[in-house]
Amino acid sequence: MAIYVVMEPPGRTEAADATIFVRDGFSWLAFLLAPLWLAWHRLWVEAALAFVAMGVISLLGQRLGLDWASSALSLLVSLYIGLEGQGLRIAALRRRGWHEWGVIQADNQDDADIRQTLDAEALADEPAPMPRIVPDASLARPAQTGLTLGLTHTSGKA
């Protein structure tokens, strides 16, 4: 089973299509087509950085005659994006004001959508918790008089 992070848009619209399910884990497409995958998910800065990093690594490898090293370093950039690409998507959505509704474990995205809808309906049926009443701190202990370690204590009365 896969784990999906459910992201809701800012403003908490009630439209069911507004939520995004981000599958947590390794992404083969992000590994194979790193800058294109980032651009597809509107991670423009990350896509530009990956493209520039891979280009600089390739150029330095050709200039220095280390083709195997440049290939290995480009592979590491692709591996990083394959491993952390979904996390980069979640971070970008948070920067745009989206918030995390929760985490769903499901076989595929359709099952995750069904589970999230059922869980959201179950949470809507529960009564709201009572507000917590915090007593006034000045009533919690009696006023102390006298000196303590050379400091004077004021009771708070003017």
# chains A, B, ... in the order shown; residues from 1 in each chain; ligands from 1
>>> closest_atom_pairs(of="stretch 12-100 of chain A", to="stretch 2-6 of chain A", cutoff="6 Å", atoms="only C-alpha atoms", output="CSV")
residue,atom,partner,partner_atom,distance
A:Ile20,CA,A:Val6,CA,5.9
A:Phe21,CA,A:Val6,CA,4.8
A:Val22,CA,A:Val5,CA,5.1
A:Arg23,CA,A:Tyr4,CA,4.4
A:Asp24,CA,A:Ile3,CA,5.6
A:Glu100,CA,A:Val6,CA,5.9
>>> select_by_dssp(residues="stretch 1-143 of chain A", states="alpha helix (DSSP H)", output="ChimeraX atom specification")
/A:28-32,34-40,44-64,67-95,109-125,137-140
>>> atom_distance(atom1="atom CA of A:Ala47", atom2="atom CA of A:Pro35")
4.6 Å
>>> closest_residue(among="A:Leu66, A:Leu59, A:Leu118, A:Leu32", to="A:Ile81", atoms="only C-alpha atoms")
A:Leu32
>>> atom_distance(atom1="atom CA of A:Met1", atom2="atom CA of A:Val103")
12.6 Å
>>> atom_distance(atom1="atom CA of A:Leu83", atom2="atom CA of A:Pro9")
24.6 Å
>>> closest_residue(among="A:Ala112, A:Met7, A:Ala69, A:Leu38", to="A:Gly82", atoms="only C-alpha atoms")
A:Leu38
>>> select_by_dssp(residues="stretch 64-141 of chain A", states="strand (DSSP E)", output="list in words")
His99, Glu100, Trp101, Gly102, Val103, Ile104, Gln105 and Ala106 of chain A
>>> residues_around(residues="A:Trp28", least_positions_apart="2", cutoff="12 Å", atoms="only C-alpha atoms", output="PyMOL selection string")
chain A and resi 25-26+30-34+37+78-86
>>> write_last_selection(atoms="all heavy atoms", output="compact mmCIF listing (two decimals), in the first residue's frame")
# COMPACT_ATOMS: atom_id res chain seq x y z
N GLY A 25 7.00 8.78 -1.43
CA GLY A 25 7.91 7.72 -1.84
C GLY A 25 8.70 8.09 -3.08
O GLY A 25 8.65 9.23 -3.57
N PHE A 26 9.44 7.11 -3.58
CA PHE A 26 10.29 7.32 -4.75
C PHE A 26 9.45 7.48 -6.00
O PHE A 26 8.47 6.77 -6.20
CB PHE A 26 11.24 6.12 -4.91
CG PHE A 26 12.26 6.30 -5.98
CD1 PHE A 26 13.39 7.06 -5.74
CD2 PHE A 26 12.10 5.72 -7.22
CE1 PHE A 26 14.35 7.24 -6.73
CE2 PHE A 26 13.05 5.88 -8.21
CZ PHE A 26 14.18 6.64 -7.96
N ALA A 30 10.31 11.17 -11.86
CA ALA A 30 11.15 12.28 -11.39
C ALA A 30 12.62 11.91 -11.51
O ALA A 30 13.47 12.76 -11.78
CB ALA A 30 10.81 12.64 -9.96
N PHE A 31 12.95 10.64 -11.30
CA PHE A 31 14.33 10.18 -11.43
C PHE A 31 14.79 10.22 -12.89
O PHE A 31 15.90 10.66 -13.19
CB PHE A 31 14.45 8.77 -10.87
CG PHE A 31 15.78 8.12 -11.11
CD1 PHE A 31 16.92 8.57 -10.47
CD2 PHE A 31 15.89 7.05 -11.99
CE1 PHE A 31 18.15 7.96 -10.71
CE2 PHE A 31 17.11 6.44 -12.23
CZ PHE A 31 18.25 6.90 -11.58
N LEU A 32 13.93 9.77 -13.81
CA LEU A 32 14.33 9.68 -15.21
C LEU A 32 14.30 11.02 -15.93
O LEU A 32 15.15 11.29 -16.78
CB LEU A 32 13.42 8.68 -15.93
CG LEU A 32 13.52 7.24 -15.43
CD1 LEU A 32 12.47 6.37 -16.10
CD2 LEU A 32 14.91 6.69 -15.66
N LEU A 33 13.34 11.88 -15.61
CA LEU A 33 13.17 13.17 -16.29
C LEU A 33 13.11 14.29 -15.25
O LEU A 33 12.11 15.01 -15.17
CB LEU A 33 11.90 13.15 -17.13
CG LEU A 33 11.77 12.04 -18.16
CD1 LEU A 33 10.37 11.96 -18.71
CD2 LEU A 33 12.77 12.24 -19.27
N ALA A 34 14.15 14.45 -14.49
CA ALA A 34 14.13 15.33 -13.32
C ALA A 34 13.66 16.76 -13.61
O ALA A 34 12.67 17.21 -13.03
CB ALA A 34 15.50 15.32 -12.64
N TRP A 37 10.02 16.81 -14.90
CA TRP A 37 9.05 16.43 -13.85
C TRP A 37 8.81 17.61 -12.91
O TRP A 37 7.67 17.88 -12.53
CB TRP A 37 9.57 15.22 -13.09
CG TRP A 37 8.60 14.70 -12.08
CD1 TRP A 37 7.61 13.79 -12.29
CD2 TRP A 37 8.53 15.05 -10.69
NE1 TRP A 37 6.93 13.55 -11.11
CE2 TRP A 37 7.47 14.32 -10.12
CE3 TRP A 37 9.26 15.91 -9.89
CZ2 TRP A 37 7.13 14.43 -8.79
CZ3 TRP A 37 8.91 16.02 -8.55
CH2 TRP A 37 7.85 15.29 -8.02
N SER A 78 19.68 13.39 -10.19
CA SER A 78 18.42 12.72 -10.55
C SER A 78 17.91 11.84 -9.42
O SER A 78 16.71 11.78 -9.16
CB SER A 78 18.61 11.89 -11.80
OG SER A 78 18.88 12.70 -12.90
N LEU A 79 18.81 11.15 -8.75
CA LEU A 79 18.42 10.30 -7.62
C LEU A 79 17.82 11.13 -6.49
O LEU A 79 16.81 10.75 -5.89
CB LEU A 79 19.62 9.50 -7.12
CG LEU A 79 19.36 8.52 -5.99
CD1 LEU A 79 18.42 7.42 -6.46
CD2 LEU A 79 20.66 7.93 -5.49
N TYR A 80 18.44 12.28 -6.22
CA TYR A 80 17.90 13.16 -5.18
C TYR A 80 16.49 13.62 -5.53
O TYR A 80 15.59 13.61 -4.68
CB TYR A 80 18.81 14.38 -4.99
CG TYR A 80 18.24 15.39 -4.04
CD1 TYR A 80 18.27 15.17 -2.66
CD2 TYR A 80 17.63 16.55 -4.49
CE1 TYR A 80 17.73 16.08 -1.78
CE2 TYR A 80 17.08 17.46 -3.63
CZ TYR A 80 17.14 17.23 -2.26
OH TYR A 80 16.59 18.12 -1.40
N ILE A 81 16.28 14.01 -6.78
CA ILE A 81 14.95 14.47 -7.17
C ILE A 81 13.96 13.32 -7.16
O ILE A 81 12.79 13.49 -6.80
CB ILE A 81 15.02 15.18 -8.54
CG1 ILE A 81 15.83 16.46 -8.39
CG2 ILE A 81 13.63 15.49 -9.07
CD1 ILE A 81 16.14 17.17 -9.67
N GLY A 82 14.39 12.13 -7.52
CA GLY A 82 13.52 10.96 -7.44
C GLY A 82 13.11 10.64 -6.01
O GLY A 82 11.97 10.27 -5.74
N LEU A 83 14.04 10.81 -5.08
CA LEU A 83 13.75 10.52 -3.67
C LEU A 83 12.97 11.64 -2.99
O LEU A 83 12.06 11.39 -2.20
CB LEU A 83 15.05 10.27 -2.91
CG LEU A 83 15.78 8.96 -3.21
CD1 LEU A 83 17.15 8.97 -2.57
CD2 LEU A 83 14.96 7.78 -2.73
N GLU A 84 13.33 12.89 -3.27
CA GLU A 84 12.76 14.02 -2.54
C GLU A 84 11.79 14.86 -3.36
O GLU A 84 11.35 15.91 -2.89
CB GLU A 84 13.90 14.91 -2.02
CG GLU A 84 14.76 14.25 -0.98
CD GLU A 84 13.99 13.91 0.28
OE1 GLU A 84 13.09 14.69 0.67
OE2 GLU A 84 14.30 12.88 0.88
N GLY A 85 11.47 14.45 -4.56
CA GLY A 85 10.60 15.24 -5.42
C GLY A 85 9.22 15.46 -4.82
O GLY A 85 8.69 16.58 -4.88
N GLN A 86 8.64 14.43 -4.24
CA GLN A 86 7.31 14.59 -3.64
C GLN A 86 7.36 15.51 -2.43
O GLN A 86 6.44 16.29 -2.19
CB GLN A 86 6.74 13.22 -3.26
CG GLN A 86 6.61 12.25 -4.42
CD GLN A 86 5.59 12.67 -5.47
OE1 GLN A 86 4.97 13.72 -5.40
NE2 GLN A 86 5.42 11.82 -6.46
>>> decode(residues="stretch 83-109 of chain A", atoms="N, CA and C atoms", output="short mmCIF file (atom, residue, chain, number, x, y, z; two decimals), in the first residue's frame")
data_model
loop_
_atom_site.label_atom_id
_atom_site.label_comp_id
_atom_site.auth_asym_id
_atom_site.auth_seq_id
_atom_site.Cartn_x
_atom_site.Cartn_y
_atom_site.Cartn_z
N LEU A 83 14.04 10.81 -5.08
CA LEU A 83 13.75 10.52 -3.67
C LEU A 83 12.97 11.64 -2.99
N GLU A 84 13.33 12.89 -3.27
CA GLU A 84 12.76 14.02 -2.54
C GLU A 84 11.79 14.86 -3.36
N GLY A 85 11.47 14.45 -4.56
CA GLY A 85 10.60 15.24 -5.42
C GLY A 85 9.22 15.46 -4.82
N GLN A 86 8.64 14.43 -4.24
CA GLN A 86 7.31 14.59 -3.64
C GLN A 86 7.36 15.51 -2.43
N GLY A 87 8.45 15.44 -1.68
CA GLY A 87 8.62 16.36 -0.56
C GLY A 87 8.76 17.80 -1.03
N LEU A 88 9.43 17.99 -2.16
CA LEU A 88 9.53 19.33 -2.74
C LEU A 88 8.16 19.84 -3.17
N ARG A 89 7.33 18.95 -3.70
CA ARG A 89 5.95 19.35 -4.07
C ARG A 89 5.16 19.78 -2.85
N ILE A 90 5.26 19.01 -1.77
CA ILE A 90 4.52 19.35 -0.55
C ILE A 90 5.01 20.68 0.02
N ALA A 91 6.33 20.89 0.02
CA ALA A 91 6.87 22.15 0.53
C ALA A 91 6.41 23.34 -0.32
N ALA A 92 6.35 23.15 -1.64
CA ALA A 92 5.89 24.23 -2.51
C ALA A 92 4.41 24.54 -2.27
N LEU A 93 3.61 23.51 -2.06
CA LEU A 93 2.19 23.74 -1.77
C LEU A 93 2.03 24.47 -0.43
N ARG A 94 2.82 24.13 0.56
CA ARG A 94 2.74 24.84 1.85
C ARG A 94 3.12 26.30 1.69
N ARG A 95 4.14 26.58 0.88
CA ARG A 95 4.52 27.98 0.64
C ARG A 95 3.40 28.76 -0.04
N ARG A 96 2.58 28.09 -0.81
CA ARG A 96 1.47 28.74 -1.50
C ARG A 96 0.22 28.83 -0.63
N GLY A 97 0.30 28.39 0.62
CA GLY A 97 -0.83 28.53 1.53
C GLY A 97 -1.65 27.27 1.73
N TRP A 98 -1.33 26.20 1.05
CA TRP A 98 -2.06 24.95 1.24
C TRP A 98 -1.72 24.38 2.60
N HIS A 99 -2.61 23.60 3.17
CA HIS A 99 -2.33 22.96 4.45
C HIS A 99 -2.60 21.46 4.34
N GLU A 100 -1.94 20.74 5.23
CA GLU A 100 -2.03 19.28 5.21
C GLU A 100 -3.26 18.83 5.97
N TRP A 101 -4.15 18.11 5.28
CA TRP A 101 -5.34 17.59 5.93
C TRP A 101 -4.99 16.35 6.74
N GLY A 102 -4.14 15.51 6.18
CA GLY A 102 -3.77 14.28 6.86
C GLY A 102 -3.04 13.35 5.92
N VAL A 103 -2.89 12.12 6.37
CA VAL A 103 -2.20 11.10 5.60
C VAL A 103 -3.14 9.91 5.45
N ILE A 104 -3.20 9.39 4.23
CA ILE A 104 -4.09 8.26 3.91
C ILE A 104 -3.24 7.12 3.35
N GLN A 105 -3.53 5.91 3.79
CA GLN A 105 -2.87 4.73 3.26
C GLN A 105 -3.86 4.02 2.35
N ALA A 106 -3.48 3.85 1.08
CA ALA A 106 -4.39 3.23 0.10
C ALA A 106 -3.59 2.57 -1.01
N ASP A 107 -4.27 1.73 -1.79
CA ASP A 107 -3.62 1.04 -2.90
C ASP A 107 -3.33 1.97 -4.07
N ASN A 108 -4.27 2.89 -4.35
CA ASN A 108 -4.08 3.83 -5.45
C ASN A 108 -4.74 5.15 -5.09
N GLN A 109 -4.65 6.12 -5.99
CA GLN A 109 -5.15 7.45 -5.69
C GLN A 109 -6.67 7.48 -5.58
#
